[in-house]
Amino acid sequence: MPPLDVDATVLENRPLSRDYNVLTLSAGDVGAHTVAGQFVMVRPATMTDTLLRRPFSVFEVLRDAAGTATAISILNKRAGRTTQALYDARVGDRVATLGPLGRAYTPPSTGQEAWMVAGGVGLAPFWTLAMRLVAAGIPTTLIYGARSGAELFYLDFFERLGVRLVLTTEDGSRGEHGRVTLPLDRELAGRDPQSIMVYACGPEPMLEAVAHVATRHHQPCEVSVERTMGCGLGGCYSCVVKVQHGTGTPHYVRSCISGPVFDGAEIVWD
Amino acid sequence: MPPLDVDATVLENRPLSRDYNVLTLSAGDVGAHTVAGQFVMVRPATMTDTLLRRPFSVFEVLRDAAGTATAISILNKRAGRTTQALYDARVGDRVATLGPLGRAYTPPSTGQEAWMVAGGVGLAPFWTLAMRLVAAGIPTTLIYGARSGAELFYLDFFERLGVRLVLTTEDGSRGEHGRVTLPLDRELAGRDPQSIMVYACGPEPMLEAVAHVATRHHQPCEVSVERTMGCGLGGCYSCVVKVQHGTGTPHYVRSCISGPVFDGAEIVWD
Amino acid sequence: MARDLSVRIGTLELPNPLISASGCFGYGLEYEDVTDLSALGGVCVKGLFLTEREGHAPPRIVETPAGMINAIGLQGIGVHRFVKEKLPLLRERGARVFVNVCGTTIDEYAEVTRILTDAGGVAAIELNISCPNIKEGGIQFGCSLLGTGQVVEAVRKVTHLPVIPKLTPNVTDVASFARAAEDAGADAVSLVNTFLALAIDVETRRPTITNVLGGLSGPAIRPIAVRMVWECAREVKIPIIGMGGITNARDALEFILAGATAVQIGTANFVDPFVWGKVLDGIDDYMARHQVERLSDLIGAFDPTPPKVVHR
Amino acid sequence: MARDLSVRIGTLELPNPLISASGCFGYGLEYEDVTDLSALGGVCVKGLFLTEREGHAPPRIVETPAGMINAIGLQGIGVHRFVKEKLPLLRERGARVFVNVCGTTIDEYAEVTRILTDAGGVAAIELNISCPNIKEGGIQFGCSLLGTGQVVEAVRKVTHLPVIPKLTPNVTDVASFARAAEDAGADAVSLVNTFLALAIDVETRRPTITNVLGGLSGPAIRPIAVRMVWECAREVKIPIIGMGGITNARDALEFILAGATAVQIGTANFVDPFVWGKVLDGIDDYMARHQVERLSDLIGAFDPTPPKVVHR
Ligand SMILES: Cc1cc2nc3c(=O)[nH]c(=O)nc-3n(C[C@H](O)[C@H](O)[C@H](O)COP(=O)(O)OP(=O)(O)OC[C@H]3O[C@@H](n4cnc5c(N)ncnc54)[C@H](O)[C@@H]3O)c2cc1C
Ligand SMILES: Cc1cc2nc3c(=O)[nH]c(=O)nc-3n(C[C@H](O)[C@H](O)[C@H](O)COP(=O)(O)OP(=O)(O)OC[C@H]3O[C@@H](n4cnc5c(N)ncnc54)[C@H](O)[C@@H]3O)c2cc1C
Ligand SMILES: Cc1cc2nc3c(=O)[nH]c(=O)nc-3n(C[C@H](O)[C@H](O)[C@H](O)COP(=O)(O)O)c2cc1C
Ligand SMILES: Cc1cc2nc3c(=O)[nH]c(=O)nc-3n(C[C@H](O)[C@H](O)[C@H](O)COP(=O)(O)O)c2cc1C
Ligand code: FES
Ligand code: FES
């Protein structure tokens, strides 16, 4: 499916916390073709001083009663100018939305469980992934860490879906005190090799740690990296990540088209 | 009064036509000190690609029951990027508003009538001027021309105030067919010299014609010029207009601080 | 479209003046989903050396007001893999392929050009003597009148294809470089490459990109680029390919009026990969409004006498 | 503020590093309603020749992406009227007055400087050898290493005031000009003046400003200006006054980290005449957060080793 560029309208802006919000965009056509793990490049029309679009995972795909995709949402965390504008966006504002882009998560092999590991805003790709996994009848776990309990979002949704939840917070205000790798490491211990497909999204130090833990426990692992992207289409070579296949020479590959989802074992972490 | 910079909120956006609207800004403090003919430099916060502010006459000064200025409005005509953004502005948007700036119109001398000559958006300074003149008991006329009858605005207001209206349109759809200088020239004929103070605002070719007619009939005339302004405060020297005092050498003077209101007879029209 | 948007660069005829800028459109094939490559005047591919290059470590770009700084470091697959893997596909798609040729020595420019010429199916050779991001990337030739002439002469000897040196804006007098190129036998010149620039992260006091310095592109530089194109147009007779911050038809026309025969779009393509059709439609619309039948009548039609201003 | 924001330029001590850029703050007095002139590090007034000048016919400015082009043409009241009408008032207000000195000949630079020196109450002489808008405005000196040295030497002889040539960015190697200035006895250099630029009105095919070419300023040029300041800082020992597109404390700090001892704000002052207090507060806040006691510790503190990136 070639990506579409939709001049989307903001349908809803749901604040979740001081830094997080969920923005619903009238880009159903983009949503219709999105596979979990893919992203969109967006640019709010009402912004003062930015030029380039910014990448965001597709969070929810909203559908009408007939199942037709009517809109998508993005889970946004304030980090700079665009994310600030998206935090402040009002219903009716326009957001150019290009997508779906990039490589999606690979479904688990037959018999594998799925464990999604999310750090902070890294939750973003797991709404659509959970929908897909649950629909396929795959036992699914979400290991989800944040700074504090107040920043653990959409827990009801995952619970209702039947996803097993394992929570951690850095301040210990909810779930286990510490990082997601603690429960991950502990719970992977003793599991059959290749029995669990691990999906990770979050800050790169977390991805590195997760990939490391998964490899140590002989479980396959896919991570979604977040590099600075100029175009999202393979045009600019800004988004590269170092990848090594087996014992070959490491090469820079463009994470916007060869990723953002990579085999965690193939990434050469800087 | 030093100018203030108010981070004003759009309180109302009243569309008047396809090109015109009136935008109410929560800049009462600016309005409190504005004298008719002065302007503000504005910059909408929600704009994509402009840097500098743009000059606008203060149109209305809105007041509460106690007479305290609570807001100002500007009469805006779409001409480019800022004016487009101001046309599209929504309630709640922010518009940085710096003012009041520039030289106001001089009140008529004792015994003089006041004739305001407006072309198109040149109506802008005459709401506040009319208020002032009528309050001072000065017989006031508005000679007001536009492309068509549909672009003659606020006629009720001026009528209620007791201002005599003389209308012209370029397409003849309302009032006299043609330019404002036609009735001006005709009605000034035979009037005592120095008996009428003429105030003009509109496109420069009109200002030139009005100044010419007024001089020919020996009536004093003040015109409000509209040059490209970078700063509005005398800092950049972009807004100059050539002025000649008597038989002296013509000089470029900054219309933002020596104007925008000038003695029509002193301007050297290019 | 009834109007004639075609332009000529040496012996090469392009159906319209829009060419993708090197390094901003991958090898073209990345965009075939969103753009009909044959509908573009030309596709200028990413800079190629004789051999593969890894480029600089990320971060490689940073956004600046109305622009961006990049220091990709000419990551690329080298001319051999290009000829084998990309060129046949580009030909199949009907693209007019401009190849941006890089070199660390004059011989390398000539050798890469020879290989491309022998391969066939290349429309033109753009000589990248102006990449500001890597020391050995040709900027040493692009900042010297002598070097510019030498590279052009050497390449001229090994190809019949149009030879188009790409000039750097980081010089005092860009027109003298256009003249040096013309004198050495270039068929056209293209300009501008990026402006050497620096953005510091004040919080860490470190550079924002790994290479420290990079090249500034995007709308920010357009007024300087237009000035340079105009200067060159007054200095040389060969066609000029203008670029720098073009985002829409108005911008493209500004370059054409200033004297550019064709234009390249780089950064704007990142912002909107559908920019091509919009610019083409906008140019056609302008020609309709101004009753211009042939786009070539607009080339250099800028009239530098002072504006007739109607102060509103 | 407990922190020490003062900086030194030669023998001159400024309470803080913020100076109004020439041509962007009138003669300073235009702004006394909105700014306490003595609170600025310095007020650099509009370029002055020996005699009055009318400047170019309007339109004189046009906005461009994140910038503006100006060709005011150095309209000004001349040094004699300045000394009589403006200087006493500026002194009264407690401003540290930088005068931007223009000349069509080396003698004129020296003569204007002599008059200002004799008048007393001037803090520093900035030599405008870089105005791109008028042929006889000194750019002929600013684009030649020899000319730069000659103007500085001639002016050096007639004044004890700090002499600060203002460099043009329209050259291949700006650092060599800084070196020429230092060698000739300059106390500091300031940079950048504006970039020569052109904006065409495509509808009329005429220039947007009467002078055709003008100078580009504003945020658009900042990344190039920062690069140039860094290049100069590595080349010379004398202080550098940096400018080009500074709009806030972050931008000012970028120049200071790159090696500027002081900074000038031009275009941003048009957008927000209250920018001064905001930038000063922002710098103070930065120093508090980073536990920097003396601003001078930040000058040149840029560390060009690659960034430690945490890809989120
Ligand atoms: C595939 C992918 C998917 C993503 N999905 C999501 C998602 O679902 N939700 C989400 O919230 N985010 C997501 N991100 C991250 C998101 O794209 C970034 O947060 C966003 O691009 C930041 O843009 P901005 O304009 O807000 O920040 P910017 O203003 O560009 O700044 C970003 C950060 O860099 C720093 N910075 C920028 N420029 C400079 C400079 N010149 N000097 C110093 N520092 C600078 C800023 O201080 C800030 O910390 C994703 C990223 C990728 C690659
Ligand atoms: C003292 C004063 C008072 C004023 N009062 C009012 C008022 O009350 N109401 C009102 O509506 N207006 C008023 N104006 C006029 C108003 O300031 C202008 O219409 C406004 O500045 C236009 O800004 P913009 O961003 O909309 O247009 P811009 O985008 O800046 O464009 C303005 C015009 O110039 C052209 N232009 C701009 N840049 C270029 C370029 N690079 N090439 C070719 N053409 C270009 C555009 O096509 C357009 O026609 C006043 C002006 C002055 C000086
Ligand atoms: C990410 C990026 C990569 C580039 N790579 C090359 C390159 O390989 N060879 C080259 O000659 N120019 C390269 N350029 C310069 C562009 O081709 C173009 O000259 C410049 O960006 C100005 O045009 P623009 O403002 O439309 O982007 C690159 C520019 C960017 C932004
Ligand atoms: C309207 C205008 C007038 C200027 N006049 C002068 C001048 O008289 N002398 C001078 O040396 N520089 C002049 N400059 C250049 C500025 O001092 C400054 O070098 C340049 O604008 C870059 O800084 P900025 O981006 O902060 O504006 C002028 C700039 C502008 C915008
Ligand atoms: S973001 Fe441009 S190549 Fe990946
Ligand atoms: S607008 Fe800047 S001096 Fe008048």
# chains A, B, ... in the order shown; residues from 1 in each chain; ligands from 1

call {"tool": "closest_atom_pairs", "arguments": {"of": "chain B", "to": "ligand 6", "cutoff": "6 Å", "atoms": "only C-alpha atoms and all ligand atoms", "output": "Markdown table"}}
result
| residue | atom | partner | partner_atom_place_in_ligand_line | distance |
| --- | --- | --- | --- | --- |
| B:Met229 | CA | ligand 6 | 1 (S) | 3.7 |
| B:Gly230 | CA | ligand 6 | 1 (S) | 4.4 |
| B:Cys231 | CA | ligand 6 | 2 (Fe) | 3.9 |
| B:Gly232 | CA | ligand 6 | 1 (S) | 3.9 |
| B:Leu233 | CA | ligand 6 | 2 (Fe) | 5.6 |
| B:Gly234 | CA | ligand 6 | 3 (S) | 3.4 |
| B:Gly235 | CA | ligand 6 | 3 (S) | 4.5 |
| B:Cys236 | CA | ligand 6 | 2 (Fe) | 3.8 |
| B:Tyr237 | CA | ligand 6 | 3 (S) | 3.8 |
| B:Ser238 | CA | ligand 6 | 2 (Fe) | 5.3 |
| B:Cys239 | CA | ligand 6 | 4 (Fe) | 4.5 |
| B:Arg254 | CA | ligand 6 | 4 (Fe) | 5.0 |
| B:Ser255 | CA | ligand 6 | 4 (Fe) | 5.8 |
| B:Cys256 | CA | ligand 6 | 4 (Fe) | 4.3 |

call {"tool": "write_last_selection", "arguments": {"atoms": "N, CA, C and O atoms", "output": "CSV table (one decimal), in the first residue's frame"}}
result
chain,number,residue,atom,x,y,z
B,229,MET,N,6.1,48.1,7.0
B,229,MET,CA,6.7,48.4,8.3
B,229,MET,C,7.4,47.2,8.8
B,229,MET,O,6.8,46.1,8.9
B,230,GLY,N,8.6,47.4,9.2
B,230,GLY,CA,9.4,46.3,9.8
B,230,GLY,C,9.2,46.2,11.3
B,230,GLY,O,9.1,45.2,11.9
B,231,CYS,N,9.1,47.4,12.0
B,231,CYS,CA,9.1,47.4,13.4
B,231,CYS,C,8.0,48.3,14.1
B,231,CYS,O,7.5,48.0,15.1
B,232,GLY,N,7.6,49.4,13.4
B,232,GLY,CA,6.6,50.2,14.0
B,232,GLY,C,7.1,51.2,15.0
B,232,GLY,O,6.3,51.9,15.6
B,233,LEU,N,8.4,51.2,15.3
B,233,LEU,CA,8.9,52.0,16.4
B,233,LEU,C,10.0,52.9,16.0
B,233,LEU,O,10.7,53.5,16.9
B,234,GLY,N,10.3,53.0,14.8
B,234,GLY,CA,11.4,53.9,14.3
B,234,GLY,C,12.8,53.2,14.3
B,234,GLY,O,13.8,53.8,14.1
B,235,GLY,N,12.8,51.9,14.4
B,235,GLY,CA,14.1,51.2,14.5
B,235,GLY,C,14.7,50.8,13.2
B,235,GLY,O,15.9,50.7,13.1
B,236,CYS,N,13.9,50.6,12.2
B,236,CYS,CA,14.4,49.9,11.0
B,236,CYS,C,14.5,50.8,9.7
B,236,CYS,O,15.2,50.4,8.7
B,237,TYR,N,13.8,51.9,9.7
B,237,TYR,CA,13.8,52.8,8.5
B,237,TYR,C,13.3,52.1,7.3
B,237,TYR,O,13.7,52.5,6.2
B,238,SER,N,12.3,51.2,7.4
B,238,SER,CA,11.8,50.6,6.2
B,238,SER,C,10.6,51.4,5.7
B,238,SER,O,10.2,51.3,4.5
B,239,CYS,N,9.9,52.1,6.6
B,239,CYS,CA,8.6,52.6,6.3
B,239,CYS,C,8.5,54.1,5.8
B,239,CYS,O,7.5,54.8,5.9
B,254,ARG,N,10.3,58.5,8.7
B,254,ARG,CA,9.7,57.2,9.0
B,254,ARG,C,8.2,57.4,9.3
B,254,ARG,O,7.9,58.1,10.3
B,255,SER,N,7.4,56.7,8.6
B,255,SER,CA,6.0,56.9,8.7
B,255,SER,C,5.4,56.3,10.0
B,255,SER,O,4.3,56.5,10.4
B,256,CYS,N,6.2,55.4,10.6
B,256,CYS,CA,5.7,54.8,11.9
B,256,CYS,C,5.8,55.7,13.1
B,256,CYS,O,5.0,55.6,14.0

call {"tool": "closest_atom_pairs", "arguments": {"of": "chain A", "to": "chain C", "cutoff": "10 Å", "atoms": "only C-alpha atoms", "output": "JSON lines"}}
result
{"residue": "A:Met1", "atom": "CA", "partner": "C:Asp33", "partner_atom": "CA", "distance": 8.2}
{"residue": "A:Pro2", "atom": "CA", "partner": "C:Asp33", "partner_atom": "CA", "distance": 5.3}
{"residue": "A:Pro3", "atom": "CA", "partner": "C:Val34", "partner_atom": "CA", "distance": 7.2}
{"residue": "A:Leu4", "atom": "CA", "partner": "C:Val34", "partner_atom": "CA", "distance": 8.2}
{"residue": "A:Asp5", "atom": "CA", "partner": "C:Phe274", "partner_atom": "CA", "distance": 8.1}
{"residue": "A:Met41", "atom": "CA", "partner": "C:Val271", "partner_atom": "CA", "distance": 9.0}
{"residue": "A:Val42", "atom": "CA", "partner": "C:Val271", "partner_atom": "CA", "distance": 9.2}
{"residue": "A:Arg43", "atom": "CA", "partner": "C:Val271", "partner_atom": "CA", "distance": 8.4}
{"residue": "A:Thr48", "atom": "CA", "partner": "C:Pro65", "partner_atom": "CA", "distance": 9.7}
{"residue": "A:Asp49", "atom": "CA", "partner": "C:Pro65", "partner_atom": "CA", "distance": 6.2}
{"residue": "A:Thr50", "atom": "CA", "partner": "C:Ala66", "partner_atom": "CA", "distance": 6.7}
{"residue": "A:Leu51", "atom": "CA", "partner": "C:Ala66", "partner_atom": "CA", "distance": 5.7}
{"residue": "A:Leu52", "atom": "CA", "partner": "C:Val271", "partner_atom": "CA", "distance": 5.3}
{"residue": "A:Arg53", "atom": "CA", "partner": "C:Val271", "partner_atom": "CA", "distance": 6.0}
{"residue": "A:Arg54", "atom": "CA", "partner": "C:Val271", "partner_atom": "CA", "distance": 9.5}
{"residue": "A:Ala96", "atom": "CA", "partner": "C:Asp272", "partner_atom": "CA", "distance": 9.3}
{"residue": "A:Leu98", "atom": "CA", "partner": "C:Asp272", "partner_atom": "CA", "distance": 8.7}
{"residue": "A:Arg227", "atom": "CA", "partner": "C:Pro59", "partner_atom": "CA", "distance": 7.9}
{"residue": "A:Thr228", "atom": "CA", "partner": "C:Pro59", "partner_atom": "CA", "distance": 6.9}
{"residue": "A:Met229", "atom": "CA", "partner": "C:Ile61", "partner_atom": "CA", "distance": 8.2}
{"residue": "A:Gly230", "atom": "CA", "partner": "C:Phe270", "partner_atom": "CA", "distance": 6.3}
{"residue": "A:Cys231", "atom": "CA", "partner": "C:Phe270", "partner_atom": "CA", "distance": 4.4}
{"residue": "A:Gly232", "atom": "CA", "partner": "C:Phe270", "partner_atom": "CA", "distance": 7.9}
{"residue": "A:Leu233", "atom": "CA", "partner": "C:Glu30", "partner_atom": "CA", "distance": 6.7}
{"residue": "A:Gly234", "atom": "CA", "partner": "C:Glu30", "partner_atom": "CA", "distance": 5.9}
{"residue": "A:Gly235", "atom": "CA", "partner": "C:Gly26", "partner_atom": "CA", "distance": 4.2}
{"residue": "A:Cys236", "atom": "CA", "partner": "C:Cys24", "partner_atom": "CA", "distance": 5.1}
{"residue": "A:Tyr237", "atom": "CA", "partner": "C:Ile72", "partner_atom": "CA", "distance": 6.6}
{"residue": "A:Ser238", "atom": "CA", "partner": "C:Arg60", "partner_atom": "CA", "distance": 5.3}
{"residue": "A:Cys239", "atom": "CA", "partner": "C:Pro58", "partner_atom": "CA", "distance": 7.4}
{"residue": "A:Val240", "atom": "CA", "partner": "C:Pro58", "partner_atom": "CA", "distance": 6.8}
{"residue": "A:Val241", "atom": "CA", "partner": "C:Pro58", "partner_atom": "CA", "distance": 7.8}
{"residue": "A:Lys242", "atom": "CA", "partner": "C:Ala57", "partner_atom": "CA", "distance": 8.9}
{"residue": "A:Pro250", "atom": "CA", "partner": "C:Glu54", "partner_atom": "CA", "distance": 9.5}
{"residue": "A:His251", "atom": "CA", "partner": "C:Glu54", "partner_atom": "CA", "distance": 6.9}
{"residue": "A:Tyr252", "atom": "CA", "partner": "C:Glu54", "partner_atom": "CA", "distance": 6.5}
{"residue": "A:Val253", "atom": "CA", "partner": "C:Glu54", "partner_atom": "CA", "distance": 9.3}
{"residue": "A:Ile257", "atom": "CA", "partner": "C:Glu30", "partner_atom": "CA", "distance": 8.8}
{"residue": "A:Asp270", "atom": "CA", "partner": "C:Ala57", "partner_atom": "CA", "distance": 9.3}

call {"tool": "residues_near_ligand", "arguments": {"ligand": "ligand 2", "cutoff": "6 Å", "atoms": "only C-alpha atoms and all ligand atoms", "output": "MDAnalysis selection string"}}
result
(chainID B and resid 39 54:57 74:77 79:84 121 124 226:228 260) or (chainID D and resid 199:201 208)

call {"tool": "write_last_selection", "arguments": {"atoms": "N, CA, C and O atoms", "output": "short mmCIF file (atom, residue, chain, number, x, y, z; two decimals), in the first residue's frame"}}
result
data_model
loop_
_atom_site.label_atom_id
_atom_site.label_comp_id
_atom_site.auth_asym_id
_atom_site.auth_seq_id
_atom_site.Cartn_x
_atom_site.Cartn_y
_atom_site.Cartn_z
N PHE B 39 -1.97 53.03 15.49
CA PHE B 39 -2.03 51.65 15.02
C PHE B 39 -1.38 50.70 16.02
O PHE B 39 -0.76 51.13 17.00
N ARG B 54 2.69 42.87 11.69
CA ARG B 54 2.07 43.69 10.66
C ARG B 54 1.27 44.81 11.31
O ARG B 54 0.67 44.60 12.38
N PRO B 55 1.23 45.98 10.67
CA PRO B 55 0.50 47.12 11.24
C PRO B 55 -0.99 47.10 10.91
O PRO B 55 -1.38 46.77 9.79
N PHE B 56 -1.80 47.45 11.89
CA PHE B 56 -3.25 47.57 11.71
C PHE B 56 -3.75 48.76 12.52
O PHE B 56 -3.34 48.94 13.67
N SER B 57 -4.62 49.54 11.91
CA SER B 57 -5.29 50.59 12.66
C SER B 57 -6.10 49.97 13.78
O SER B 57 -6.64 48.88 13.62
N ILE B 74 -9.79 45.02 15.25
CA ILE B 74 -9.19 45.51 14.01
C ILE B 74 -10.07 45.08 12.85
O ILE B 74 -10.70 44.03 12.88
N LEU B 75 -10.13 45.98 11.86
CA LEU B 75 -10.85 45.68 10.62
C LEU B 75 -9.81 45.11 9.68
O LEU B 75 -8.86 45.80 9.32
N ASN B 76 -9.96 43.86 9.32
CA ASN B 76 -8.90 43.16 8.59
C ASN B 76 -9.34 42.82 7.18
O ASN B 76 -10.45 42.34 6.97
N LYS B 77 -8.46 43.05 6.24
CA LYS B 77 -8.74 42.68 4.86
C LYS B 77 -7.66 41.73 4.37
O LYS B 77 -6.46 42.01 4.49
N ALA B 79 -4.92 40.11 2.45
CA ALA B 79 -4.00 40.61 1.43
C ALA B 79 -2.80 39.70 1.28
O ALA B 79 -2.11 39.71 0.28
N GLY B 80 -2.55 38.87 2.27
CA GLY B 80 -1.37 38.02 2.26
C GLY B 80 -1.44 37.06 3.43
O GLY B 80 -2.53 36.66 3.85
N ARG B 81 -0.29 36.70 3.96
CA ARG B 81 -0.26 35.62 4.93
C ARG B 81 -0.81 35.98 6.30
O ARG B 81 -1.61 35.26 6.87
N THR B 82 -0.39 37.11 6.85
CA THR B 82 -0.88 37.48 8.18
C THR B 82 -2.37 37.79 8.13
O THR B 82 -3.13 37.33 8.99
N THR B 83 -2.77 38.54 7.13
CA THR B 83 -4.17 38.92 7.04
C THR B 83 -5.04 37.69 6.79
O THR B 83 -6.18 37.62 7.25
N GLN B 84 -4.51 36.72 6.09
CA GLN B 84 -5.23 35.45 5.92
C GLN B 84 -5.39 34.76 7.27
O GLN B 84 -6.47 34.29 7.63
N VAL B 121 -10.60 49.25 3.09
CA VAL B 121 -10.21 48.98 4.47
C VAL B 121 -9.72 50.27 5.15
O VAL B 121 -9.50 50.30 6.36
N ALA B 124 -10.82 51.85 8.54
CA ALA B 124 -10.37 51.40 9.87
C ALA B 124 -10.17 52.49 10.92
O ALA B 124 -10.66 52.34 12.04
N GLU B 226 0.23 54.03 4.25
CA GLU B 226 0.46 52.64 4.63
C GLU B 226 1.68 52.10 3.92
O GLU B 226 1.59 51.57 2.81
N ARG B 227 2.82 52.24 4.54
CA ARG B 227 4.06 51.70 3.99
C ARG B 227 4.40 50.37 4.65
O ARG B 227 3.92 50.09 5.75
N THR B 228 5.24 49.60 4.01
CA THR B 228 5.71 48.35 4.61
C THR B 228 6.48 48.69 5.88
O THR B 228 7.41 49.48 5.86
N PRO B 260 1.58 57.42 11.16
CA PRO B 260 1.20 57.30 9.74
C PRO B 260 0.40 58.49 9.24
O PRO B 260 0.23 58.61 8.04
N ALA D 199 14.94 38.70 -3.69
CA ALA D 199 13.58 38.12 -3.72
C ALA D 199 12.84 38.77 -4.88
O ALA D 199 12.76 39.99 -4.97
N ILE D 200 12.33 37.92 -5.77
CA ILE D 200 11.64 38.40 -6.96
C ILE D 200 10.14 38.27 -6.77
O ILE D 200 9.66 37.26 -6.24
N ASP D 201 9.40 39.28 -7.15
CA ASP D 201 7.95 39.19 -7.18
C ASP D 201 7.57 38.52 -8.49
O ASP D 201 7.67 39.12 -9.56
N THR D 208 11.39 42.80 -5.37
CA THR D 208 10.45 43.17 -4.31
C THR D 208 10.88 44.45 -3.61
O THR D 208 10.06 45.10 -2.98
#

call {"tool": "closest_residue", "arguments": {"among": "A:Gln112, A:Phe153, A:Ala85, A:Val225", "to": "chain B", "atoms": "only C-alpha atoms"}}
result
A:Ala85

call {"tool": "residues_around", "arguments": {"residues": "Leu165 (chain A)", "least_positions_apart": "3", "cutoff": "7 Å", "atoms": "only C-alpha atoms", "output": "number ranges by chain"}}
result
A: 141-143

call {"tool": "residues_around", "arguments": {"residues": "Val210 (chain A)", "least_positions_apart": "6", "cutoff": "12 Å", "atoms": "only C-alpha atoms", "output": "PyMOL selection string"}}
result
chain A and resi 115-119+143+179-185+188+197-204+216-217+219-224+263-265

call {"tool": "closest_residue", "arguments": {"among": "C:Ile115, C:Ile69, C:Gly103, C:Pro15", "to": "chain D", "atoms": "only C-alpha atoms"}}
result
C:Ile69

call {"tool": "atom_distance", "arguments": {"atom1": "CA of Ile106 (chain C)", "atom2": "CA of Val155 (chain C)"}}
result
8.3 Å

call {"tool": "select_by_dssp", "arguments": {"residues": "region 105-235 of chain B", "states": "strand (DSSP E)", "output": "VMD selection string"}}
result
chain B and resid 113 to 119 140 to 146 164 to 169 176 to 177 196 to 201 221 to 224

call {"tool": "select_by_dssp", "arguments": {"residues": "region 207-291 of chain C", "states": "alpha helix (DSSP H)", "output": "MDAnalysis selection string"}}
result
chainID C and resid 222:235 249:258 267:271 275:289

call {"tool": "write_last_selection", "arguments": {"atoms": "C-alpha atoms", "output": "JSON list (two decimals), in the first residue's frame"}}
result
[["chain", "number", "residue", "atom", "x", "y", "z"],
["C", 222, "ARG", "CA", 16.35, 30.64, -0.82],
["C", 223, "PRO", "CA", 16.94, 34.41, -1.04],
["C", 224, "ILE", "CA", 20.70, 33.86, -1.12],
["C", 225, "ALA", "CA", 20.41, 31.06, -3.67],
["C", 226, "VAL", "CA", 18.20, 33.14, -5.96],
["C", 227, "ARG", "CA", 20.71, 35.96, -5.82],
["C", 228, "MET", "CA", 23.52, 33.55, -6.76],
["C", 229, "VAL", "CA", 21.58, 32.07, -9.66],
["C", 230, "TRP", "CA", 20.95, 35.58, -10.97],
["C", 231, "GLU", "CA", 24.64, 36.44, -10.67],
["C", 232, "CYS", "CA", 25.64, 33.31, -12.57],
["C", 233, "ALA", "CA", 22.99, 33.86, -15.24],
["C", 234, "ARG", "CA", 24.52, 37.24, -15.98],
["C", 235, "GLU", "CA", 28.00, 35.74, -16.18],
["C", 249, "ALA", "CA", 5.52, 26.91, -7.83],
["C", 250, "ARG", "CA", 6.18, 30.50, -6.82],
["C", 251, "ASP", "CA", 9.61, 29.58, -5.48],
["C", 252, "ALA", "CA", 10.45, 27.55, -8.58],
["C", 253, "LEU", "CA", 9.42, 30.43, -10.81],
["C", 254, "GLU", "CA", 11.58, 32.81, -8.81],
["C", 255, "PHE", "CA", 14.63, 30.73, -9.77],
["C", 256, "ILE", "CA", 13.50, 30.40, -13.39],
["C", 257, "LEU", "CA", 12.91, 34.14, -13.71],
["C", 258, "ALA", "CA", 16.33, 34.72, -12.17],
["C", 267, "THR", "CA", 14.35, 19.57, 1.48],
["C", 268, "ALA", "CA", 10.73, 20.35, 0.53],
["C", 269, "ASN", "CA", 10.39, 16.82, -0.74],
["C", 270, "PHE", "CA", 10.91, 15.61, 2.84],
["C", 271, "VAL", "CA", 8.12, 17.82, 4.07],
["C", 275, "VAL", "CA", 5.27, 18.35, -3.84],
["C", 276, "TRP", "CA", 6.12, 17.54, -7.47],
["C", 277, "GLY", "CA", 2.62, 17.51, -8.88],
["C", 278, "LYS", "CA", 1.70, 20.58, -6.89],
["C", 279, "VAL", "CA", 4.63, 22.59, -8.20],
["C", 280, "LEU", "CA", 4.02, 21.45, -11.76],
["C", 281, "ASP", "CA", 0.34, 22.37, -11.57],
["C", 282, "GLY", "CA", 1.23, 25.70, -10.03],
["C", 283, "ILE", "CA", 3.65, 26.52, -12.82],
["C", 284, "ASP", "CA", 1.09, 25.55, -15.41],
["C", 285, "ASP", "CA", -1.49, 27.70, -13.69],
["C", 286, "TYR", "CA", 0.91, 30.65, -13.63],
["C", 287, "MET", "CA", 1.60, 30.23, -17.32],
["C", 288, "ALA", "CA", -2.13, 30.17, -18.03],
["C", 289, "ARG", "CA", -2.72, 33.32, -15.97]]
